[in-house]
Structures are given as C-alpha cells and as structure tokens.
file run20.cif (mmCIF, C-alpha atoms)
data_structure
#
loop_
_atom_site.label_atom_id
_atom_site.label_comp_id
_atom_site.auth_asym_id
_atom_site.auth_seq_id
_atom_site.Cartn_x
_atom_site.Cartn_y
_atom_site.Cartn_z
CA MET A 1 25.59 19.13 -0.58
CA THR A 2 23.89 18.23 -3.81
CA GLU A 3 21.55 20.70 -5.42
CA THR A 4 17.99 19.70 -4.71
CA GLY A 5 16.83 19.44 -8.29
CA GLN A 6 19.78 17.64 -9.86
CA SER A 7 21.04 14.08 -9.73
CA THR A 8 24.54 13.63 -8.36
CA ASP A 9 27.45 12.78 -10.57
CA ASP A 10 27.67 9.20 -9.26
CA GLY A 11 24.16 8.42 -10.50
CA SER A 12 22.43 8.65 -7.15
CA LEU A 13 19.07 10.35 -6.92
CA SER A 14 18.52 14.01 -6.10
CA ALA A 15 16.28 15.12 -3.25
CA ARG A 16 13.57 16.16 -5.70
CA GLU A 17 13.63 12.77 -7.41
CA ILE A 18 13.44 10.97 -4.07
CA VAL A 19 10.42 13.04 -3.03
CA VAL A 20 8.60 12.38 -6.31
CA ILE A 21 9.31 8.65 -6.02
CA GLY A 22 7.86 8.69 -2.51
CA ILE A 23 4.78 10.65 -3.60
CA VAL A 24 4.01 8.29 -6.49
CA ALA A 25 4.66 5.15 -4.42
CA LEU A 26 2.34 6.25 -1.62
CA ALA A 27 -0.31 7.46 -4.09
CA VAL A 28 -0.39 4.02 -5.71
CA ALA A 29 -0.23 1.89 -2.57
CA MET A 30 -2.29 3.94 -0.13
CA GLY A 31 -4.46 6.30 -2.15
CA ILE A 32 -5.49 3.69 -4.73
CA GLY A 33 -4.63 0.18 -3.53
CA ARG A 34 -5.59 0.85 0.07
CA PHE A 35 -8.43 3.39 0.01
CA ALA A 36 -10.10 3.06 -3.41
CA PHE A 37 -12.59 0.63 -1.90
CA THR A 38 -14.13 3.43 0.20
CA PRO A 39 -15.67 5.43 -2.70
CA LEU A 40 -16.27 2.27 -4.75
CA MET A 41 -18.16 0.32 -2.08
CA PRO A 42 -21.46 2.25 -2.47
CA LEU A 43 -21.19 1.89 -6.27
CA MET A 44 -20.57 -1.87 -5.96
CA MET A 45 -23.62 -2.10 -3.71
CA ARG A 46 -25.60 -0.14 -6.31
CA ASP A 47 -24.49 -2.59 -9.02
CA GLY A 48 -25.32 -5.61 -6.89
CA SER A 49 -21.69 -6.80 -6.95
CA ILE A 50 -21.61 -6.95 -3.16
CA ASP A 51 -23.98 -6.37 -0.27
CA ALA A 52 -23.28 -4.48 2.92
CA ALA A 53 -22.13 -7.61 4.78
CA THR A 54 -19.67 -8.55 2.03
CA GLY A 55 -18.38 -4.98 1.92
CA ALA A 56 -17.72 -5.08 5.67
CA LYS A 57 -15.88 -8.39 5.32
CA TRP A 58 -13.74 -7.07 2.47
CA ALA A 59 -12.88 -3.99 4.52
CA ALA A 60 -11.97 -6.18 7.50
CA ALA A 61 -9.82 -8.38 5.25
CA ASN A 62 -7.93 -5.33 4.05
CA TYR A 63 -7.35 -4.11 7.60
CA ALA A 64 -6.13 -7.56 8.64
CA GLY A 65 -3.77 -7.66 5.68
CA TYR A 66 -2.45 -4.24 6.63
CA LEU A 67 -1.69 -5.55 10.12
CA VAL A 68 0.09 -8.63 8.78
CA GLY A 69 2.06 -6.52 6.32
CA SER A 70 3.17 -4.06 8.98
CA LEU A 71 4.33 -6.90 11.26
CA VAL A 72 6.46 -8.37 8.47
CA ALA A 73 7.73 -5.08 7.00
CA SER A 74 10.50 -4.57 9.57
CA ARG A 75 12.23 -7.70 8.23
CA LEU A 76 12.39 -6.40 4.68
CA GLY A 77 14.86 -3.54 5.21
CA ARG A 78 17.85 -5.46 3.89
CA HIS A 79 16.78 -4.81 0.30
CA PRO A 80 14.23 -2.00 0.68
CA MET A 81 13.98 -0.85 -2.92
CA ARG A 82 13.72 -4.33 -4.38
CA ASN A 83 10.97 -5.23 -1.92
CA LEU A 84 9.29 -1.87 -2.49
CA ARG A 85 9.10 -2.50 -6.24
CA TRP A 86 7.62 -5.96 -5.72
CA ALA A 87 5.05 -4.64 -3.24
CA LEU A 88 3.98 -1.85 -5.59
CA GLY A 89 3.54 -4.30 -8.44
CA CYS A 90 1.38 -6.55 -6.28
CA VAL A 91 -0.78 -3.59 -5.20
CA ALA A 92 -1.45 -2.69 -8.83
CA ALA A 93 -2.16 -6.33 -9.74
CA SER A 94 -4.62 -6.81 -6.86
CA THR A 95 -6.45 -3.62 -7.89
CA VAL A 96 -6.81 -4.75 -11.52
CA LEU A 97 -7.94 -8.25 -10.54
CA ILE A 98 -10.81 -6.94 -8.41
CA ALA A 99 -12.50 -5.97 -11.68
CA PHE A 100 -12.76 -9.67 -12.61
CA VAL A 101 -13.88 -11.06 -9.25
CA THR A 102 -16.96 -13.27 -9.34
CA THR A 103 -16.97 -14.67 -5.78
CA PRO A 104 -16.82 -12.84 -2.43
CA ILE A 105 -14.03 -15.09 -1.14
CA VAL A 106 -11.65 -14.17 -3.98
CA GLY A 107 -12.46 -10.50 -3.50
CA GLY A 108 -11.70 -10.76 0.20
CA LEU A 109 -8.36 -12.44 -0.53
CA LEU A 110 -7.44 -9.69 -2.98
CA ARG A 111 -8.33 -6.99 -0.45
CA PHE A 112 -6.23 -8.83 2.15
CA ALA A 113 -3.28 -8.90 -0.27
CA ALA A 114 -3.72 -5.20 -1.02
CA GLY A 115 -3.52 -4.50 2.70
CA VAL A 116 -0.32 -6.52 3.14
CA PHE A 117 1.50 -4.88 0.27
CA SER A 118 0.30 -1.34 0.97
CA ALA A 119 1.73 -1.64 4.50
CA TRP A 120 5.05 -2.74 3.02
CA VAL A 121 5.10 0.25 0.71
CA LEU A 122 4.29 2.72 3.50
CA VAL A 123 6.96 1.38 5.86
CA LEU A 124 9.68 0.67 3.27
CA GLY A 125 8.94 3.74 1.15
CA SER A 126 8.89 6.11 4.13
CA SER A 127 12.06 4.62 5.61
CA TRP A 128 13.95 4.61 2.31
CA CYS A 129 12.96 8.14 1.29
CA LEU A 130 13.55 9.70 4.71
CA MET A 131 16.93 8.00 5.12
CA ARG A 132 18.04 9.04 1.62
CA LEU A 133 17.00 12.64 2.22
CA ALA A 134 18.71 12.69 5.62
CA ARG A 135 21.98 11.45 4.12
CA GLN A 136 21.90 14.32 1.64
CA GLY A 137 21.11 16.85 4.37
CA GLU A 138 17.70 17.48 2.78
CA GLY A 139 15.49 16.04 5.52
CA ARG A 140 13.28 19.13 5.45
CA TYR A 141 11.72 17.81 2.24
CA GLY A 142 10.59 14.55 3.86
CA ALA A 143 7.14 15.91 4.67
CA TRP A 144 6.25 16.18 0.99
CA ILE A 145 6.31 12.44 0.30
CA TYR A 146 3.15 12.01 2.40
CA THR A 147 1.14 14.21 0.06
CA GLY A 148 1.14 11.11 -2.14
CA VAL A 149 -1.53 9.48 0.03
CA GLY A 150 -3.87 12.45 -0.33
CA LEU A 151 -3.07 12.68 -4.04
CA GLY A 152 -4.00 9.05 -4.57
CA ILE A 153 -7.19 9.45 -2.52
CA MET A 154 -8.18 12.52 -4.52
CA VAL A 155 -7.44 10.88 -7.88
CA ALA A 156 -9.42 7.76 -6.94
CA GLY A 157 -12.23 9.92 -5.58
CA VAL A 158 -12.42 12.18 -8.64
CA LEU A 159 -12.33 9.20 -11.01
CA THR A 160 -15.18 7.46 -9.20
CA TRP A 161 -17.06 10.77 -8.88
CA LEU A 162 -16.85 11.70 -12.56
CA GLY A 163 -17.24 8.10 -13.68
CA GLY A 164 -20.00 7.22 -11.24
CA GLU A 165 -22.35 6.25 -14.06
CA GLN A 166 -19.92 3.53 -15.13
CA SER A 167 -19.97 0.10 -13.56
CA ALA A 168 -17.82 -0.36 -10.47
CA ARG A 169 -15.92 -3.13 -12.29
CA MET A 170 -14.83 -0.72 -15.01
CA LEU A 171 -13.71 1.81 -12.38
CA TRP A 172 -11.63 -0.86 -10.62
CA LEU A 173 -9.95 -1.67 -13.94
CA GLU A 174 -9.23 2.00 -14.66
CA LEU A 175 -7.75 2.54 -11.21
CA GLY A 176 -5.66 -0.60 -11.52
CA LEU A 177 -4.21 0.54 -14.84
CA LEU A 178 -3.50 3.96 -13.34
CA ALA A 179 -1.70 2.25 -10.45
CA ALA A 180 0.32 0.19 -12.94
CA GLY A 181 1.45 3.43 -14.59
CA GLY A 182 2.68 4.68 -11.23
CA VAL A 183 4.60 1.45 -10.64
CA TRP A 184 6.22 1.80 -14.06
CA TYR A 185 7.39 5.30 -13.14
CA VAL A 186 8.90 4.22 -9.82
CA VAL A 187 10.69 1.24 -11.36
CA ARG A 188 12.21 3.43 -14.07
CA ALA A 189 13.16 6.19 -11.63
CA VAL A 190 15.08 3.89 -9.30
CA ALA A 191 16.61 1.70 -12.03
CA ASN A 192 20.13 3.01 -11.38
CA ALA A 193 19.80 3.65 -7.65
CA ARG A 194 21.79 1.47 -5.27
CA ASP A 195 19.55 -0.75 -3.11
CA GLU A 196 21.34 0.10 0.11
CA PRO A 197 20.09 -1.38 3.38
CA VAL A 198 19.11 1.02 6.14
CA ALA A 199 22.28 2.30 7.79
CA ALA A 200 23.24 4.76 10.44
CA VAL A 201 22.68 8.48 10.10
CA GLU A 202 24.81 11.08 11.80
CA SER A 203 22.47 11.69 14.68
CA THR A 204 22.21 10.71 18.31
CA PRO A 205 19.65 7.96 18.83
CA ARG A 206 17.10 8.39 21.57
CA GLN A 207 16.46 5.08 23.24
CA ASP A 208 13.50 5.54 25.56
CA ASP A 209 11.06 2.64 25.36
CA ARG A 210 8.43 4.53 27.38
CA TRP A 211 8.10 7.16 24.67
CA HIS A 212 8.21 4.55 21.92
CA ALA A 213 5.33 2.62 23.54
CA GLY A 214 3.38 5.84 24.05
CA LEU A 215 3.77 6.79 20.39
CA VAL A 216 2.56 3.34 19.31
CA VAL A 217 -0.55 3.76 21.50
CA CYS A 218 -1.21 7.24 20.08
CA TYR A 219 -0.78 5.96 16.54
CA ALA A 220 -3.17 3.08 17.30
CA ALA A 221 -5.74 5.60 18.57
CA PHE A 222 -5.24 7.50 15.31
CA GLY A 223 -5.98 4.31 13.35
CA PHE A 224 -9.13 3.68 15.39
CA GLY A 225 -10.23 7.30 15.15
CA TYR A 226 -9.96 7.88 11.43
CA ILE A 227 -11.34 4.55 10.27
CA VAL A 228 -15.05 5.24 10.83
CA PRO A 229 -15.20 8.32 8.58
CA ALA A 230 -12.66 6.81 6.16
CA THR A 231 -14.84 3.72 5.76
CA PHE A 232 -18.38 5.04 6.03
CA LEU A 233 -18.41 8.67 4.83
CA PRO A 234 -19.41 7.98 1.20
CA THR A 235 -21.93 5.36 2.32
CA LEU A 236 -23.46 7.75 4.87
CA ALA A 237 -23.62 10.42 2.16
CA ARG A 238 -25.34 8.01 -0.23
CA ALA A 239 -27.99 7.41 2.44
CA GLN A 240 -28.85 11.13 2.15
CA ILE A 241 -29.01 11.33 -1.64
CA ASP A 242 -28.61 8.54 -4.17
CA ASP A 243 -26.74 10.52 -6.81
CA PRO A 244 -23.03 9.63 -7.34
CA LEU A 245 -22.31 13.17 -8.54
CA VAL A 246 -23.37 14.39 -5.09
CA PHE A 247 -22.41 11.73 -2.53
CA GLY A 248 -19.28 10.93 -4.54
CA LEU A 249 -17.85 14.37 -3.74
CA VAL A 250 -17.19 13.45 -0.11
CA TRP A 251 -14.09 11.36 -0.89
CA PRO A 252 -12.34 13.82 -3.23
CA VAL A 253 -12.89 16.47 -0.53
CA PHE A 254 -11.16 14.15 1.94
CA GLY A 255 -8.14 13.72 -0.36
CA LEU A 256 -7.92 17.39 -1.36
CA ALA A 257 -8.00 18.46 2.29
CA SER A 258 -5.19 16.01 3.01
CA ILE A 259 -2.96 17.41 0.27
CA ALA A 260 -3.65 21.05 1.06
CA SER A 261 -3.13 20.75 4.81
CA LEU A 262 0.09 18.80 4.45
CA ALA A 263 1.48 21.23 1.88
CA ILE A 264 0.69 24.14 4.21
CA ALA A 265 2.31 22.35 7.15
CA ALA A 266 5.46 21.59 5.16
CA ARG A 267 5.81 25.22 4.08
CA THR A 268 4.69 27.18 7.12
CA ALA A 269 5.64 25.09 10.14
CA PRO A 270 9.37 24.35 9.71
CA THR A 271 10.12 25.03 13.38
CA ALA A 272 7.02 23.50 14.99
CA ARG A 273 7.68 20.54 17.27
CA ARG A 274 6.33 17.29 15.88
CA ARG A 275 4.55 16.19 19.04
CA ARG A 276 2.63 19.47 19.20
CA VAL A 277 1.69 19.30 15.53
CA TRP A 278 0.54 15.71 16.02
CA ALA A 279 -1.42 16.66 19.15
CA VAL A 280 -3.26 19.52 17.46
CA ALA A 281 -4.02 17.41 14.38
CA GLN A 282 -5.32 14.55 16.53
CA ALA A 283 -7.58 16.94 18.47
CA VAL A 284 -9.02 18.46 15.27
CA MET A 285 -9.55 14.96 13.89
CA ALA A 286 -11.54 14.13 17.04
CA VAL A 287 -14.03 16.87 16.14
CA GLY A 288 -14.42 15.60 12.57
CA THR A 289 -14.72 11.98 13.68
CA GLY A 290 -17.40 12.79 16.23
CA MET A 291 -19.62 14.82 13.85
CA PRO A 292 -21.54 11.84 12.34
CA ALA A 293 -22.70 11.02 15.86
CA PHE A 294 -24.63 14.30 16.05
CA ASP A 295 -25.59 15.21 12.49
CA ARG A 296 -25.63 13.29 9.19
CA HIS A 297 -26.75 15.98 6.79
CA LEU A 298 -24.52 16.37 3.72
CA TRP A 299 -23.03 19.63 4.97
CA SER A 300 -22.00 17.95 8.24
CA LEU A 301 -20.45 14.99 6.44
CA ALA A 302 -18.55 17.38 4.17
CA VAL A 303 -17.19 19.28 7.17
CA GLY A 304 -16.21 15.99 8.78
CA ALA A 305 -14.40 14.99 5.59
CA LEU A 306 -12.51 18.31 5.63
CA LEU A 307 -11.50 17.99 9.28
CA VAL A 308 -10.46 14.33 9.13
CA GLY A 309 -8.91 14.59 5.66
CA GLY A 310 -7.14 17.79 6.65
CA THR A 311 -5.45 16.14 9.63
CA PHE A 312 -5.05 12.55 8.43
CA MET A 313 -1.72 13.00 6.65
CA ILE A 314 -0.38 15.63 9.05
CA THR A 315 -0.73 13.03 11.79
CA THR A 316 0.88 10.39 9.59
CA MET A 317 3.74 12.72 8.67
CA ALA A 318 4.42 13.93 12.20
CA GLY A 319 4.25 10.42 13.63
CA LEU A 320 6.51 8.73 11.10
CA GLN A 321 9.03 11.59 11.04
CA LEU A 322 9.13 11.49 14.83
CA ALA A 323 9.94 7.77 14.58
CA ARG A 324 12.90 8.60 12.37
CA GLU A 325 14.00 11.21 14.90
CA LEU A 326 13.82 8.75 17.80
CA ALA A 327 15.54 5.89 15.93
CA PRO A 328 17.79 7.54 13.34
CA ALA A 329 20.12 4.57 12.87
CA ASN A 330 17.28 2.32 11.71
CA PRO A 331 13.72 3.70 11.91
CA THR A 332 12.13 0.71 10.14
CA PRO A 333 11.35 -1.37 13.29
CA LEU A 334 9.71 1.56 15.09
CA LEU A 335 7.86 2.54 11.92
CA ALA A 336 6.62 -1.04 11.63
CA ARG A 337 5.46 -1.12 15.28
CA MET A 338 3.59 2.15 14.87
CA THR A 339 2.01 0.93 11.63
CA SER A 340 1.02 -2.31 13.40
CA GLY A 341 -0.65 -0.29 16.16
CA PHE A 342 -2.44 1.75 13.51
CA ALA A 343 -3.61 -1.47 11.85
CA VAL A 344 -4.93 -2.89 15.13
CA GLY A 345 -6.81 0.34 15.77
CA GLN A 346 -8.45 0.37 12.36
CA ILE A 347 -9.51 -3.26 12.75
CA LEU A 348 -11.14 -2.53 16.11
CA GLY A 349 -13.19 0.36 14.66
CA PRO A 350 -15.38 -1.68 12.27
CA VAL A 351 -15.50 -4.54 14.80
CA LEU A 352 -17.03 -2.17 17.36
CA VAL A 353 -19.50 -0.89 14.77
CA TRP A 354 -20.56 -4.48 14.09
CA LEU A 355 -20.77 -5.45 17.77
CA VAL A 356 -22.90 -2.46 18.70
CA ALA A 357 -25.24 -3.01 15.75
CA HIS A 358 -25.57 -6.74 16.55
CA PRO A 359 -29.17 -7.92 17.04
CA MET A 360 -28.37 -8.90 20.64
CA LEU A 361 -27.94 -5.17 21.34
CA ARG A 362 -31.25 -4.45 19.60
CA GLY A 363 -29.67 -2.87 16.54
CA ALA A 364 -28.07 0.09 18.25
CA ASP A 365 -26.37 2.60 15.97
CA GLY A 366 -22.80 1.30 15.75
CA VAL A 367 -21.49 4.26 13.76
CA THR A 368 -22.74 6.75 16.34
CA LEU A 369 -21.26 5.00 19.38
CA THR A 370 -17.99 4.16 17.64
CA SER A 371 -17.61 7.76 16.48
CA LEU A 372 -18.01 8.97 20.06
CA VAL A 373 -15.52 6.45 21.44
CA ALA A 374 -13.04 7.31 18.69
CA ALA A 375 -13.36 11.03 19.36
CA ALA A 376 -12.72 10.49 23.06
CA LEU A 377 -9.61 8.38 22.41
CA LEU A 378 -8.25 10.94 19.97
CA LEU A 379 -8.69 13.73 22.52
CA LEU A 380 -7.03 11.72 25.31
CA THR A 381 -3.99 10.82 23.20
CA ALA A 382 -3.74 14.39 21.89
CA THR A 383 -3.52 15.57 25.48
CA TRP A 384 -0.79 13.03 26.25
CA LEU A 385 1.22 14.10 23.20
CA TRP A 386 0.98 17.76 24.14
CA ARG A 387 2.07 17.11 27.71
CA SER A 388 4.88 14.73 26.71
CA ASP A 389 6.28 17.42 24.43
CA ARG A 390 7.18 19.49 27.48
CA HIS A 391 9.23 16.64 28.89
CA GLU A 392 10.97 15.94 25.59
CA SER A 393 11.72 19.59 24.89
CA ARG A 394 13.40 19.91 28.29
CA ALA A 395 15.38 16.71 27.80
CA HIS A 396 16.39 17.03 24.15
CA GLY A 397 15.42 20.47 22.82
CA SER A 398 12.96 21.24 20.02
CA ASP A 399 12.45 18.89 17.09
CA SER A 400 11.06 20.52 13.95
CA ILE A 401 8.30 19.21 11.78
CA VAL A 402 10.35 18.89 8.59
CA GLY A 403 13.90 18.45 9.77
#
call {"tool": "encode", "arguments": {"input": "run20.cif", "output": "structure tokens"}}
result
Amino acid sequence: MTETGQSTDDGSLSAREIVVIGIVALAVAMGIGRFAFTPLMPLMMRDGSIDAATGAKWAAANYAGYLVGSLVASRLGRHPMRNLRWALGCVAASTVLIAFVTTPIVGGLLRFAAGVFSAWVLVLGSSWCLMRLARQGEGRYGAWIYTGVGLGIMVAGVLTWLGGEQSARMLWLELGLLAAGGVWYVVRAVANARDEPVAAVESTPRQDDRWHAGLVVCYAAFGFGYIVPATFLPTLARAQIDDPLVFGLVWPVFGLASIASLAIAARTAPTARRRRVWAVAQAVMAVGTGMPAFDRHLWSLAVGALLVGGTFMITTMAGLQLARELAPANPTPLLARMTSGFAVGQILGPVLVWLVAHPMLRGADGVTLTSLVAAALLLLTATWLWRSDRHESRAHGSDSIVG
C-alpha cells in the first residue's frame, strides 16, 4: 500500500492528492458554479440587475440543467478525467460570463449550463476519486472530498458578505476568476494521471433493484427538502434587515456548518452504518427545513442554516458512498440516477412555491407550505432508511461511513 501523503513511483496520484483534487473540483463546481447564485440573488435584486421573477427563472434553469447533466453523466465514464476537466472549465467560464450578461435570456442559459456541468463534476469527480482511493485501499478518506462543496459555499458566501457593497457583477467576476484558479490547479494536478475508465474493484456487488430504487427516492426527497432553505434563506434574511453585512452572514454559516459537520463525521464515525448516518442527517435536516414555516426572525433563519448546512453534505456523502458500496464495479450509473432524483426533487421545490403563491390560490405563502411538505418528506424517508438498515445489516453486515 502506498503511503497516504506520497505519490507512487509510477507517477500515479497519492491518496492525499486525490482527496485534494476532489475537494477543489467540488468547491469550484458546486460551491461556486452551482450555489453562488443563492447569496448573489438578493444583491442582484438590490442592483436592479434582475427582479424576483427573473431570479426564480434563473434558479429553475439551473435546476433543469442539473437534471440534464445528471442524466447524461453516466455516459461519460469512459474518459472521466478528460470530461471532468472540460466540465470544470465550462463551470468557471459560465460564472465569469454572468458578470457581462445584459439580457435575462442569456443569464438563464448560462445558469442552465452551470447546472449541466456541475452535475457532471459531482458524478464524475465522486466516481473517479472514490474508485481511485478504493484501488489504493484508502477508501476511508473518501468522505473528505465532499467538504469541497461546503468550502466553496463558504468562500462564495464570505466573498459576497465582505464585498456586499460592491456591485453583484463585480462579485460574479471575482468568483469566476477564483473558480478558474481552481480549474488550473486540478488540470495541473492530474496532468500525469492516467485517464482510466471505471473498472471493477475487489468487492462483491450487491444487485438489489428494490434498494437502489429506494435510495433514489430518498435522495430525491433530500433534493426537495434542502432546496427551499438553500434558495431562499438569504432572501428571507434580507426581508428582515436590508444590510448585506447582516443578512449576508446566513450563507457563510450554511457552508461552515457543512464543512465542520462533515469533518467531524469523517473523523468520529468510522464504524457508523451509512444508512443510519443518512437517516439521522435527513431527520435533522427536516427540522431545519421546517423552521421558516414557523418563525422568520434572523435567529431562526440562522439556526435553520446551521441545521440544513450541517446535514447537507453528510447526506450527500453517505448517499454517494453507499452507491459505491452497492455497485462497486461501476458506481457511475447509480450515482447518476441518484443525482437525477436529487435534481427532480430540487426542481419540484421552487415549482411548488410558485404554484402555492399563484394568484389563483389567493397568494398563499408558498415558502411556508413547501417547507412543511419538505420536512414531512424528509422525516418519512429518514424513517425508511433507518428501518431498511436493519434488513441490510442482517443480510450483508455493517457498512461503515468512510470505508
């Protein structure tokens, strides 16, 4: 076995290098390319760049792109690293170009493209990193790559928080250039790595379509559940106080909670079963998601950000690592199906908000009702995951969170 911190003699990457590549790739694609719009939307509305309707359409375009990208991603495993590099470059380009948008249609197309390519990065990057680590017998380090999402969210949130007095266009440009720096690092780091297609790992595959379908449903509920706070938290906070140094703190809190909780899980729960970790995280997320339905004071929104941010990446990690466990020979198709379910769920969230708030329903509060529905779905799927763990543990034995 190769030492964790050193490259092997044949030029292949060490476990530490693989983890850092995964962290940077997910920070760029998800934390910046995918989620930067959340803290920037209230600032764009402040600047008059977009209105609330345009912001909703741009968000929907990004969710639709994420769905399309996840549906296509399973076909890109033949050359994962080459496709990963291209996708990362396109994420950075779409982020930079938003700064120069003058029409809503072009902005929507760019957000759609960012969704497509960020889904490619998540599926291809997760699959490539986890498979590489498994081949080296270092699968326990796989959890750390998902801290990249929280890192990117926190960086984007802090930049927009500290730079809130700047124009939103300038912040988009700064984030795009930061993303380009991350792409440059990944391209250099993998320059000498072999672009091997996904191949078999020494493990016994578990082919049980019932459990696969159940996991896709649970992951879709996760997508539906997190999307309301992930989309509306900064905007709800701005409705309480119109000071970017105050309402802008909500998103960095979300990202910091994500990093901290995932780091704790990776260090302290090496023997916990993934389904149980996922179930507990989904239940806690239900509490955070439901809070805006009952109280919208800043303290309540901050607690919601902590609860949802603190479970967001644990759920992602447990779900995607469980997919690798269930399909060790080639996890990419199952990862893509789960990501597609997630994308469908996050599209349905804003759609329900819009439908409930439609004038035909007399302007009912869409965020309140959607938050309650999301919380209920999260609790139901958490219960299913917990109960299904008993069946799996009897049939196959324990599966650890980081193995």
call {"tool": "resolve_selection", "arguments": {"input": "run20.cif", "expression": "the PyMOL selection byres ((chain A and resi 18) around 9)", "output": "VMD selection string"}}
result
chain A and resid 13 to 17 19 to 23 129 to 130 132 to 133 145 189 to 190
call {"tool": "closest_residue", "arguments": {"input": "run20.cif", "among": "A:Thr289, A:Thr339, A:Thr231, A:Ser300", "to": "Ala60 (chain A)", "atoms": "all atoms listed in the file"}}
result
A:Thr231
call {"tool": "residues_near_point", "arguments": {"input": "run20.cif", "point": "(-18.5, 12.3, -5.8)", "cutoff": "10 Å", "atoms": "all atoms listed in the file", "output": "tab-separated table (two decimals) with C-alpha atoms, in the coordinates of the input"}}
result
chain	number	residue	atom	x	y	z
A	39	PRO	CA	-15.67	5.43	-2.70
A	157	GLY	CA	-12.23	9.92	-5.58
A	158	VAL	CA	-12.42	12.18	-8.64
A	159	LEU	CA	-12.33	9.20	-11.01
A	160	THR	CA	-15.18	7.46	-9.20
A	161	TRP	CA	-17.06	10.77	-8.88
A	162	LEU	CA	-16.85	11.70	-12.56
A	163	GLY	CA	-17.24	8.10	-13.68
A	164	GLY	CA	-20.00	7.22	-11.24
A	234	PRO	CA	-19.41	7.98	1.20
A	237	ALA	CA	-23.62	10.42	2.16
A	238	ARG	CA	-25.34	8.01	-0.23
A	243	ASP	CA	-26.74	10.52	-6.81
A	244	PRO	CA	-23.03	9.63	-7.34
A	245	LEU	CA	-22.31	13.17	-8.54
A	246	VAL	CA	-23.37	14.39	-5.09
A	247	PHE	CA	-22.41	11.73	-2.53
A	248	GLY	CA	-19.28	10.93	-4.54
A	249	LEU	CA	-17.85	14.37	-3.74
A	250	VAL	CA	-17.19	13.45	-0.11
A	251	TRP	CA	-14.09	11.36	-0.89
A	252	PRO	CA	-12.34	13.82	-3.23
A	253	VAL	CA	-12.89	16.47	-0.53
call {"tool": "resolve_selection", "arguments": {"input": "run20.cif", "expression": "the PyMOL selection byres ((chain A and resi 347) around 8)", "output": "PDB file with C-alpha atoms, keeping the file's coordinate frame"}}
result
ATOM      1  CA  ALA A  60     -11.970  -6.180   7.500  1.00  0.00           C
ATOM      2  CA  TYR A  63      -7.350  -4.110   7.600  1.00  0.00           C
ATOM      3  CA  ALA A  64      -6.130  -7.560   8.640  1.00  0.00           C
ATOM      4  CA  PHE A 224      -9.130   3.680  15.390  1.00  0.00           C
ATOM      5  CA  ALA A 343      -3.610  -1.470  11.850  1.00  0.00           C
ATOM      6  CA  VAL A 344      -4.930  -2.890  15.130  1.00  0.00           C
ATOM      7  CA  GLY A 345      -6.810   0.340  15.770  1.00  0.00           C
ATOM      8  CA  GLN A 346      -8.450   0.370  12.360  1.00  0.00           C
ATOM      9  CA  LEU A 348     -11.140  -2.530  16.110  1.00  0.00           C
ATOM     10  CA  GLY A 349     -13.190   0.360  14.660  1.00  0.00           C
ATOM     11  CA  PRO A 350     -15.380  -1.680  12.270  1.00  0.00           C
ATOM     12  CA  VAL A 351     -15.500  -4.540  14.800  1.00  0.00           C
TER      13      VAL A 351
END
call {"tool": "residues_near_point", "arguments": {"input": "run20.cif", "point": "(10.7, -1.7, 8.5)", "cutoff": "7 Å", "atoms": "all atoms listed in the file", "output": "list of chain:residue names"}}
result
A:Ala73, A:Ser74, A:Arg75, A:Leu76, A:Gly77, A:Val123, A:Leu124, A:Thr332, A:Pro333, A:Leu335, A:Ala336
call {"tool": "closest_residue", "arguments": {"input": "run20.cif", "among": "A:Pro80, A:Gly69, A:Gly107, A:Gly148", "to": "Ile50 (chain A)", "atoms": "all atoms listed in the file"}}
result
A:Gly107
call {"tool": "closest_residue", "arguments": {"input": "run20.cif", "among": "A:Val96, A:Ala156, A:Val287, A:Leu326", "to": "Gly225 (chain A)", "atoms": "only C-alpha atoms"}}
result
A:Val287
call {"tool": "closest_residue", "arguments": {"input": "run20.cif", "among": "A:Thr147, A:Ser12, A:Thr381, A:Ser371", "to": "Met313 (chain A)", "atoms": "all atoms listed in the file"}}
result
A:Thr147
call {"tool": "atom_distance", "arguments": {"input": "run20.cif", "atom1": "CA of Ile227 (chain A)", "atom2": "CA of Gly108 (chain A)"}}
result
18.3 Å
call {"tool": "atom_distance", "arguments": {"input": "run20.cif", "atom1": "CA of Leu171 (chain A)", "atom2": "CA of Trp120 (chain A)"}}
result
24.7 Å
call {"tool": "closest_residue", "arguments": {"input": "run20.cif", "among": "A:Thr368, A:Ser49, A:Asn62, A:Ser258", "to": "Arg169 (chain A)", "atoms": "all atoms listed in the file"}}
result
A:Ser49
call {"tool": "atom_distance", "arguments": {"input": "run20.cif", "atom1": "CA of Leu372 (chain A)", "atom2": "CA of His212 (chain A)"}}
result
26.7 Å
call {"tool": "closest_residue", "arguments": {"input": "run20.cif", "among": "A:Gly89, A:Arg337, A:Val68, A:Val356", "to": "Gly214 (chain A)", "atoms": "only C-alpha atoms"}}
result
A:Arg337
call {"tool": "build_atoms", "arguments": {"input": "run20.cif", "residues": "region 279-291 of chain A", "atoms": "N, CA and C atoms", "output": "short mmCIF file (atom, residue, chain, number, x, y, z; two decimals), in the frame of the given file"}}
result
data_model
loop_
_atom_site.label_atom_id
_atom_site.label_comp_id
_atom_site.auth_asym_id
_atom_site.auth_seq_id
_atom_site.Cartn_x
_atom_site.Cartn_y
_atom_site.Cartn_z
N ALA A 279 -0.38 16.48 18.15
CA ALA A 279 -1.42 16.66 19.15
C ALA A 279 -2.56 17.52 18.63
N VAL A 280 -2.22 18.63 17.99
CA VAL A 280 -3.26 19.52 17.46
C VAL A 280 -4.05 18.82 16.35
N ALA A 281 -3.33 18.12 15.46
CA ALA A 281 -4.02 17.41 14.38
C ALA A 281 -4.94 16.33 14.93
N GLN A 282 -4.50 15.62 15.95
CA GLN A 282 -5.32 14.55 16.53
C GLN A 282 -6.57 15.13 17.20
N ALA A 283 -6.43 16.30 17.83
CA ALA A 283 -7.58 16.94 18.47
C ALA A 283 -8.60 17.41 17.43
N VAL A 284 -8.12 18.02 16.34
CA VAL A 284 -9.02 18.46 15.27
C VAL A 284 -9.72 17.26 14.63
N MET A 285 -8.96 16.17 14.45
CA MET A 285 -9.55 14.96 13.89
C MET A 285 -10.66 14.43 14.79
N ALA A 286 -10.51 14.58 16.10
CA ALA A 286 -11.54 14.13 17.04
C ALA A 286 -12.87 14.83 16.76
N VAL A 287 -12.81 16.12 16.45
CA VAL A 287 -14.03 16.87 16.14
C VAL A 287 -14.69 16.32 14.87
N GLY A 288 -13.87 16.12 13.82
CA GLY A 288 -14.42 15.60 12.57
C GLY A 288 -14.96 14.19 12.70
N THR A 289 -14.28 13.37 13.50
CA THR A 289 -14.72 11.98 13.68
C THR A 289 -16.02 11.92 14.46
N GLY A 290 -16.20 12.82 15.41
CA GLY A 290 -17.40 12.79 16.23
C GLY A 290 -18.63 13.39 15.56
N MET A 291 -18.47 14.12 14.46
CA MET A 291 -19.62 14.82 13.85
C MET A 291 -20.74 13.89 13.39
#
